[in-house]
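Below: input.tsv (TSV, C-alpha atoms)
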chain	number	residue	atom	x	y	z
A	930	MET	CA	27.71	32.40	6.06
A	931	ALA	CA	25.64	34.99	4.16
A	932	TYR	CA	24.24	37.97	6.00
A	933	GLN	CA	20.48	37.70	6.49
A	934	LEU	CA	18.63	41.00	6.05
A	935	ASP	CA	15.98	41.68	8.68
A	936	GLU	CA	13.00	44.04	8.46
A	937	ILE	CA	15.00	46.97	9.90
A	938	ASP	CA	17.69	46.51	7.21
A	939	LEU	CA	14.97	46.47	4.56
A	940	GLN	CA	13.39	49.63	6.03
A	941	ILE	CA	16.77	51.36	5.93
A	942	LEU	CA	17.28	50.35	2.29
A	943	ARG	CA	13.76	51.44	1.26
A	944	THR	CA	14.13	54.77	3.04
A	945	LEU	CA	17.55	55.52	1.55
A	946	GLN	CA	16.26	54.70	-1.95
A	947	LYS	CA	13.71	57.48	-1.52
A	948	ASN	CA	16.14	59.99	-0.03
A	949	ALA	CA	19.84	59.22	0.35
A	950	LYS	CA	20.51	62.69	1.80
A	951	LEU	CA	18.96	61.84	5.16
A	952	THR	CA	21.21	62.29	8.16
A	953	THR	CA	21.75	59.28	10.40
A	954	LYS	CA	19.46	60.87	12.99
A	955	GLU	CA	16.68	61.46	10.43
A	956	LEU	CA	17.03	57.90	9.16
A	957	ALA	CA	16.99	56.56	12.74
A	958	ASP	CA	13.77	58.46	13.48
A	959	LEU	CA	12.11	57.02	10.37
A	960	VAL	CA	13.03	53.41	11.21
A	961	HIS	CA	12.36	53.89	14.96
A	962	LEU	CA	15.88	53.22	16.26
A	963	THR	CA	18.62	55.32	17.80
A	964	PRO	CA	21.33	56.74	15.54
A	965	THR	CA	24.19	54.44	16.61
A	966	PRO	CA	22.64	51.10	15.52
A	967	VAL	CA	21.32	52.71	12.33
A	968	PHE	CA	24.78	54.05	11.51
A	969	GLU	CA	26.31	50.60	12.14
A	970	ARG	CA	23.64	48.87	10.01
A	971	GLN	CA	24.05	51.35	7.15
A	972	LYS	CA	27.85	50.90	7.17
A	973	ARG	CA	27.40	47.08	7.19
A	974	LEU	CA	24.95	47.31	4.25
A	975	GLU	CA	27.52	49.39	2.36
A	976	ARG	CA	30.41	47.05	3.24
A	977	LEU	CA	28.41	43.94	2.18
A	978	GLY	CA	27.48	45.57	-1.15
A	979	TYR	CA	23.73	46.03	-0.61
A	980	ILE	CA	24.32	49.76	-1.10
A	981	SER	CA	26.52	50.36	-4.15
A	982	LYS	CA	26.67	54.16	-4.10
A	983	TYR	CA	24.76	57.35	-3.43
A	984	ILE	CA	23.91	59.65	-6.34
A	985	ALA	CA	22.01	62.81	-7.19
A	986	VAL	CA	19.40	62.52	-9.95
A	987	LEU	CA	19.83	65.49	-12.27
A	988	ASN	CA	17.26	67.21	-14.48
A	989	ALA	CA	18.29	66.40	-18.08
A	990	ASP	CA	16.15	69.18	-19.60
A	991	LYS	CA	17.72	71.87	-17.43
A	992	LEU	CA	21.17	70.58	-18.41
A	993	ASN	CA	20.39	70.65	-22.15
A	994	GLN	CA	20.32	66.84	-22.45
A	995	GLY	CA	16.60	66.49	-23.08
A	996	LEU	CA	16.67	64.08	-26.02
A	997	LEU	CA	16.49	60.50	-24.78
A	998	VAL	CA	17.12	57.70	-27.25
A	999	PHE	CA	17.17	53.92	-26.94
A	1000	CYS	CA	19.66	52.67	-29.46
A	1001	LYS	CA	19.75	49.00	-30.48
A	1002	VAL	CA	23.10	47.82	-31.78
A	1003	LYS	CA	23.83	44.64	-33.70
A	1004	LEU	CA	27.42	43.55	-34.22
A	1005	LYS	CA	28.63	41.93	-37.47
A	1006	GLN	CA	29.79	38.94	-35.50
A	1007	ILE	CA	30.17	38.24	-31.81
A	1008	ASN	CA	32.81	36.54	-29.74
A	1009	HIS	CA	34.56	37.44	-26.47
A	1010	GLU	CA	37.19	39.61	-28.12
A	1011	ILE	CA	34.71	41.59	-30.25
A	1012	ALA	CA	32.26	42.00	-27.36
A	1013	ASP	CA	35.03	43.12	-24.98
A	1014	SER	CA	36.30	45.61	-27.56
A	1015	PHE	CA	32.80	47.06	-28.06
A	1016	VAL	CA	32.23	47.38	-24.31
A	1017	ARG	CA	35.62	49.06	-23.80
A	1018	ARG	CA	34.87	51.59	-26.55
A	1019	ILE	CA	31.44	52.59	-25.27
A	1020	GLN	CA	32.70	53.05	-21.71
A	1021	HIS	CA	34.39	56.26	-22.90
A	1022	ILE	CA	31.42	57.74	-24.77
A	1023	PRO	CA	29.65	60.16	-22.40
A	1024	GLU	CA	26.38	60.29	-24.34
A	1025	ILE	CA	25.80	56.60	-23.52
A	1026	ILE	CA	24.41	56.59	-19.99
A	1027	GLU	CA	23.43	52.92	-19.83
A	1028	CYS	CA	24.28	49.81	-21.84
A	1029	TYR	CA	22.80	46.32	-21.68
A	1030	ASN	CA	23.94	43.16	-23.45
A	1031	THR	CA	20.68	41.62	-24.70
A	1032	SER	CA	19.42	38.50	-26.39
A	1033	GLY	CA	17.26	38.52	-29.49
A	1034	GLN	CA	17.59	40.53	-32.68
A	1035	TYR	CA	20.14	43.01	-31.24
A	1036	ASP	CA	23.28	42.50	-29.18
A	1037	TYR	CA	23.22	45.70	-27.12
A	1038	LEU	CA	20.65	48.21	-25.94
A	1039	LEU	CA	22.07	51.67	-25.27
A	1040	LYS	CA	20.37	54.50	-23.42
A	1041	VAL	CA	21.65	57.73	-24.89
A	1042	ARG	CA	21.21	61.39	-23.89
A	1043	SER	CA	21.88	64.36	-26.13
A	1044	ALA	CA	20.80	67.96	-26.53
A	1045	ASP	CA	18.87	67.52	-29.77
A	1046	MET	CA	18.55	65.53	-32.99
A	1047	LYS	CA	21.58	67.17	-34.61
A	1048	GLN	CA	23.82	66.27	-31.68
A	1049	TYR	CA	22.46	62.72	-31.71
A	1050	GLN	CA	23.19	62.45	-35.44
A	1051	GLU	CA	26.78	63.54	-34.76
A	1052	PHE	CA	27.02	60.93	-32.01
A	1053	VAL	CA	25.84	58.17	-34.36
A	1054	LEU	CA	28.09	59.20	-37.24
A	1055	ASN	CA	31.24	60.18	-35.37
A	1056	LYS	CA	31.24	57.95	-32.31
A	1057	LEU	CA	28.99	54.92	-32.52
A	1058	GLY	CA	29.39	54.51	-36.27
A	1059	GLU	CA	33.18	54.52	-35.91
A	1060	ILE	CA	33.21	51.43	-33.70
A	1061	GLU	CA	34.53	48.40	-35.55
A	1062	ASN	CA	32.15	45.44	-36.04
A	1063	VAL	CA	28.92	47.47	-35.68
A	1064	ALA	CA	26.56	46.01	-38.28
A	1065	SER	CA	23.42	48.02	-37.58
A	1066	ILE	CA	21.99	50.69	-35.34
A	1067	GLU	CA	18.28	51.24	-34.72
A	1068	SER	CA	17.17	54.30	-32.75
A	1069	THR	CA	13.94	54.73	-30.82
A	1070	PHE	CA	13.26	58.30	-29.72
A	1071	VAL	CA	11.45	58.91	-26.44
A	1072	MET	CA	8.54	61.34	-26.85
A	1073	SER	CA	7.78	61.55	-23.12
A	1074	GLU	CA	8.89	59.78	-19.98
A	1075	VAL	CA	5.77	58.19	-18.56
A	1076	LYS	CA	7.33	56.50	-15.54
A	1077	GLN	CA	10.81	56.84	-14.18
A	1078	ARG	CA	11.71	55.05	-10.97
A	1079	TYR	CA	15.07	54.58	-9.36
A	1080	GLY	CA	15.92	51.69	-7.12
A	1081	ILE	CA	14.49	48.23	-6.80
A	1082	ASN	CA	11.31	46.89	-5.26
A	1083	ILE	CA	12.16	45.42	-1.85
Give the structure from the file, written as structure tokens.
Amino acid sequence: MAYQLDEIDLQILRTLQKNAKLTTKELADLVHLTPTPVFERQKRLERLGYISKYIAVLNADKLNQGLLVFCKVKLKQINHEIADSFVRRIQHIPEIIECYNTSGQYDYLLKVRSADMKQYQEFVLNKLGEIENVASIESTFVMSEVKQRYGINI
């Protein structure tokens, strides 16, 4: 039988999405429980896969990765073998921070970070452009990030 989330579980998830660095005691205070049941609930949420991992969100500009590009990739043809090969190749390219298989005019949408336009050009020519079966690449450069939100609406 599937685990049914209650309002306390949802409060814990919402609170951790805002600040995953909270101690168990701080989290317990915010959801109005004692630390022991909150600890047990959090561990259960992790074990059941509601919480995938905890991360730190870094400042791309301070780390010289301020150029953000959405890159649309179309493959020459698509089947399981070609798609699997493409996905395996991009897993090892650090500039690609997210990848989505999409429907429509393009097969994949990549979210790419680099220091500047020259570094992005090198990425396209020497990494993405070297992948077999890539038919076309269309880049959209982000001028400013208007809204950036992590987590999901629960």
Give as a PDB file with C-alpha atoms, in the frame of the given file each residue that has an atom at most 12 Å from (18.0, 66.0, -21.4) in the file, counting all atoms listed in the file.
ATOM      1  CA  LEU A 987      19.830  65.490 -12.270  1.00  0.00           C
ATOM      2  CA  ASN A 988      17.260  67.210 -14.480  1.00  0.00           C
ATOM      3  CA  ALA A 989      18.290  66.400 -18.080  1.00  0.00           C
ATOM      4  CA  ASP A 990      16.150  69.180 -19.600  1.00  0.00           C
ATOM      5  CA  LYS A 991      17.720  71.870 -17.430  1.00  0.00           C
ATOM      6  CA  LEU A 992      21.170  70.580 -18.410  1.00  0.00           C
ATOM      7  CA  ASN A 993      20.390  70.650 -22.150  1.00  0.00           C
ATOM      8  CA  GLN A 994      20.320  66.840 -22.450  1.00  0.00           C
ATOM      9  CA  GLY A 995      16.600  66.490 -23.080  1.00  0.00           C
ATOM     10  CA  LEU A 996      16.670  64.080 -26.020  1.00  0.00           C
ATOM     11  CA  LEU A 997      16.490  60.500 -24.780  1.00  0.00           C
ATOM     12  CA  VAL A 998      17.120  57.700 -27.250  1.00  0.00           C
ATOM     13  CA  GLU A1024      26.380  60.290 -24.340  1.00  0.00           C
ATOM     14  CA  ILE A1026      24.410  56.590 -19.990  1.00  0.00           C
ATOM     15  CA  LYS A1040      20.370  54.500 -23.420  1.00  0.00           C
ATOM     16  CA  VAL A1041      21.650  57.730 -24.890  1.00  0.00           C
ATOM     17  CA  ARG A1042      21.210  61.390 -23.890  1.00  0.00           C
ATOM     18  CA  SER A1043      21.880  64.360 -26.130  1.00  0.00           C
ATOM     19  CA  ALA A1044      20.800  67.960 -26.530  1.00  0.00           C
ATOM     20  CA  ASP A1045      18.870  67.520 -29.770  1.00  0.00           C
ATOM     21  CA  MET A1046      18.550  65.530 -32.990  1.00  0.00           C
ATOM     22  CA  GLN A1048      23.820  66.270 -31.680  1.00  0.00           C
ATOM     23  CA  TYR A1049      22.460  62.720 -31.710  1.00  0.00           C
ATOM     24  CA  VAL A1071      11.450  58.910 -26.440  1.00  0.00           C
ATOM     25  CA  MET A1072       8.540  61.340 -26.850  1.00  0.00           C
ATOM     26  CA  SER A1073       7.780  61.550 -23.120  1.00  0.00           C
ATOM     27  CA  GLU A1074       8.890  59.780 -19.980  1.00  0.00           C
TER      28      GLU A1074
END
For Arg970 (chain A), the nearest of the candidates A:Ile937, A:Val1016, A:Leu1039, A:Ala1064, counting only C-alpha atoms: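 Looking only at the distances to Arg970 (chain A), the closest residue turns out to be A:Ile937.
Candidate residues A:Tyr1029, A:Lys1001, A:Ile984, A:Gly1080 were compared for distance to Ala949 (chain A), and the nearest is A:Ile984, using only C-alpha atoms.
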Length of the CA of Ile1022 (chain A) to CA of Ser981 (chain A) vector [Å]: 22.4 Å
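Those DNA, RNA and protein residues that approach the point (14.6, 56.0, -30.2) to within 7 Å, considering all atoms listed in the file, are Val998, Phe999, Cys1000, Ser1068, Thr1069, Phe1070 and Val1071 of chain A.
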Distance of CA of Ile1011 (chain A) from CA of Asn1062 (chain A), expressed in Å to one decimal place: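 These atoms are spaced 7.4 Å apart.
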Build an axis-aligned box that encloses every atom of region 985-1003 of chain A listed in the file, pad it by 6 Å on each side, and report its centre and edge lengths in Å to one decimal, as JSON.
{"center_x": 20.0, "center_y": 58.3, "center_z": -20.4, "size_x": 19.7, "size_y": 39.2, "size_z": 38.5}
Selection near Leu951 (chain A), 12 Å with all atoms listed in the file, sequence-local residues under 5 positions removed, as a ChimeraX atom specification: /A:941-942,944-946,956-960,964,967-968,971,983
Test item: residues at most 8 Å from Ile1083 (chain A), only C-alpha atoms, excluding those fewer than 2 positions along its chain, as a PyMOL selection string: chain A and resi 939+943+1081
Close residues, Phe1015 (chain A) itself excluded, 9 Å, only C-alpha atoms, min 4 positions apart in chain, as a PyMOL selection string: chain A and resi 1004+1010-1011+1019-1020+1060-1063
d(CA of Lys1003 (chain A), CA of Tyr1037 (chain A)) in Å: 6.7 Å
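Distance annotation: of A:Gln933, A:Asn1082, A:Lys1047, A:Lys1056, the residue with the minimal separation from Pro1023 (chain A) is A:Lys1056; atom set is all atoms listed in the file.
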Which of A:Pro966, A:Ala1012, A:Leu934, A:Gly1058 sits closest to Lys954 (chain A) [using all atoms listed in the file]: A:Pro966
Spatial neighbours of Glu1059 (chain A), max dist 10 Å, all atoms listed in the file, sep filter under 6 positions, as a list in words: Arg1018, Phe1052 and Val1053 of chain A
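Using all atoms listed in the file, the nearest neighbour of Tyr1079 (chain A) within the list A:Cys1028, A:Leu1038, A:Val986, A:Leu1054 is A:Val986.
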Your completed region 988-1005 of chain A with N, CA, C and O atoms, as a compact mmCIF listing (two decimals), in the coordinates of the input:
# COMPACT_ATOMS: atom_id res chain seq x y z
N ASN A 988 18.31 66.89 -13.52
CA ASN A 988 17.26 67.21 -14.48
C ASN A 988 17.89 67.38 -15.87
O ASN A 988 18.59 68.37 -16.13
N ALA A 989 17.67 66.40 -16.74
CA ALA A 989 18.29 66.40 -18.08
C ALA A 989 17.87 67.61 -18.90
O ALA A 989 18.69 68.18 -19.63
N ASP A 990 16.61 68.02 -18.83
CA ASP A 990 16.15 69.18 -19.60
C ASP A 990 16.88 70.45 -19.20
O ASP A 990 17.31 71.22 -20.06
N LYS A 991 17.04 70.67 -17.91
CA LYS A 991 17.72 71.87 -17.43
C LYS A 991 19.20 71.88 -17.82
O LYS A 991 19.80 72.94 -17.94
N LEU A 992 19.76 70.69 -18.05
CA LEU A 992 21.17 70.58 -18.41
C LEU A 992 21.37 70.38 -19.91
O LEU A 992 22.42 69.94 -20.35
N ASN A 993 20.34 70.72 -20.69
CA ASN A 993 20.39 70.65 -22.15
C ASN A 993 20.74 69.24 -22.65
O ASN A 993 21.53 69.09 -23.58
N GLN A 994 20.15 68.24 -22.03
CA GLN A 994 20.32 66.84 -22.45
C GLN A 994 18.95 66.19 -22.54
O GLN A 994 18.77 65.04 -22.11
N GLY A 995 18.00 66.91 -23.09
CA GLY A 995 16.60 66.49 -23.08
C GLY A 995 16.20 65.41 -24.07
O GLY A 995 15.13 64.82 -23.92
N LEU A 996 17.03 65.13 -25.07
CA LEU A 996 16.67 64.08 -26.02
C LEU A 996 17.14 62.74 -25.47
O LEU A 996 18.33 62.54 -25.22
N LEU A 997 16.19 61.84 -25.28
CA LEU A 997 16.49 60.50 -24.78
C LEU A 997 16.22 59.50 -25.89
O LEU A 997 15.15 59.52 -26.50
N VAL A 998 17.20 58.65 -26.14
CA VAL A 998 17.12 57.70 -27.25
C VAL A 998 17.53 56.31 -26.75
O VAL A 998 18.52 56.18 -26.03
N PHE A 999 16.75 55.30 -27.14
CA PHE A 999 17.17 53.92 -26.94
C PHE A 999 17.72 53.45 -28.27
O PHE A 999 17.05 53.53 -29.30
N CYS A 1000 18.94 53.01 -28.24
CA CYS A 1000 19.66 52.67 -29.46
C CYS A 1000 20.00 51.18 -29.42
O CYS A 1000 20.69 50.71 -28.52
N LYS A 1001 19.48 50.44 -30.40
CA LYS A 1001 19.75 49.00 -30.48
C LYS A 1001 20.90 48.77 -31.45
O LYS A 1001 20.86 49.25 -32.58
N VAL A 1002 21.90 48.03 -30.99
CA VAL A 1002 23.10 47.82 -31.78
C VAL A 1002 23.27 46.32 -32.04
O VAL A 1002 23.20 45.51 -31.12
N LYS A 1003 23.50 46.01 -33.31
CA LYS A 1003 23.83 44.64 -33.70
C LYS A 1003 25.26 44.64 -34.22
O LYS A 1003 25.64 45.50 -34.99
N LEU A 1004 26.05 43.68 -33.75
CA LEU A 1004 27.42 43.55 -34.22
C LEU A 1004 27.46 42.60 -35.41
O LEU A 1004 26.61 41.73 -35.55
N LYS A 1005 28.48 42.78 -36.28
CA LYS A 1005 28.63 41.93 -37.47
C LYS A 1005 28.82 40.48 -37.08
O LYS A 1005 28.29 39.58 -37.72
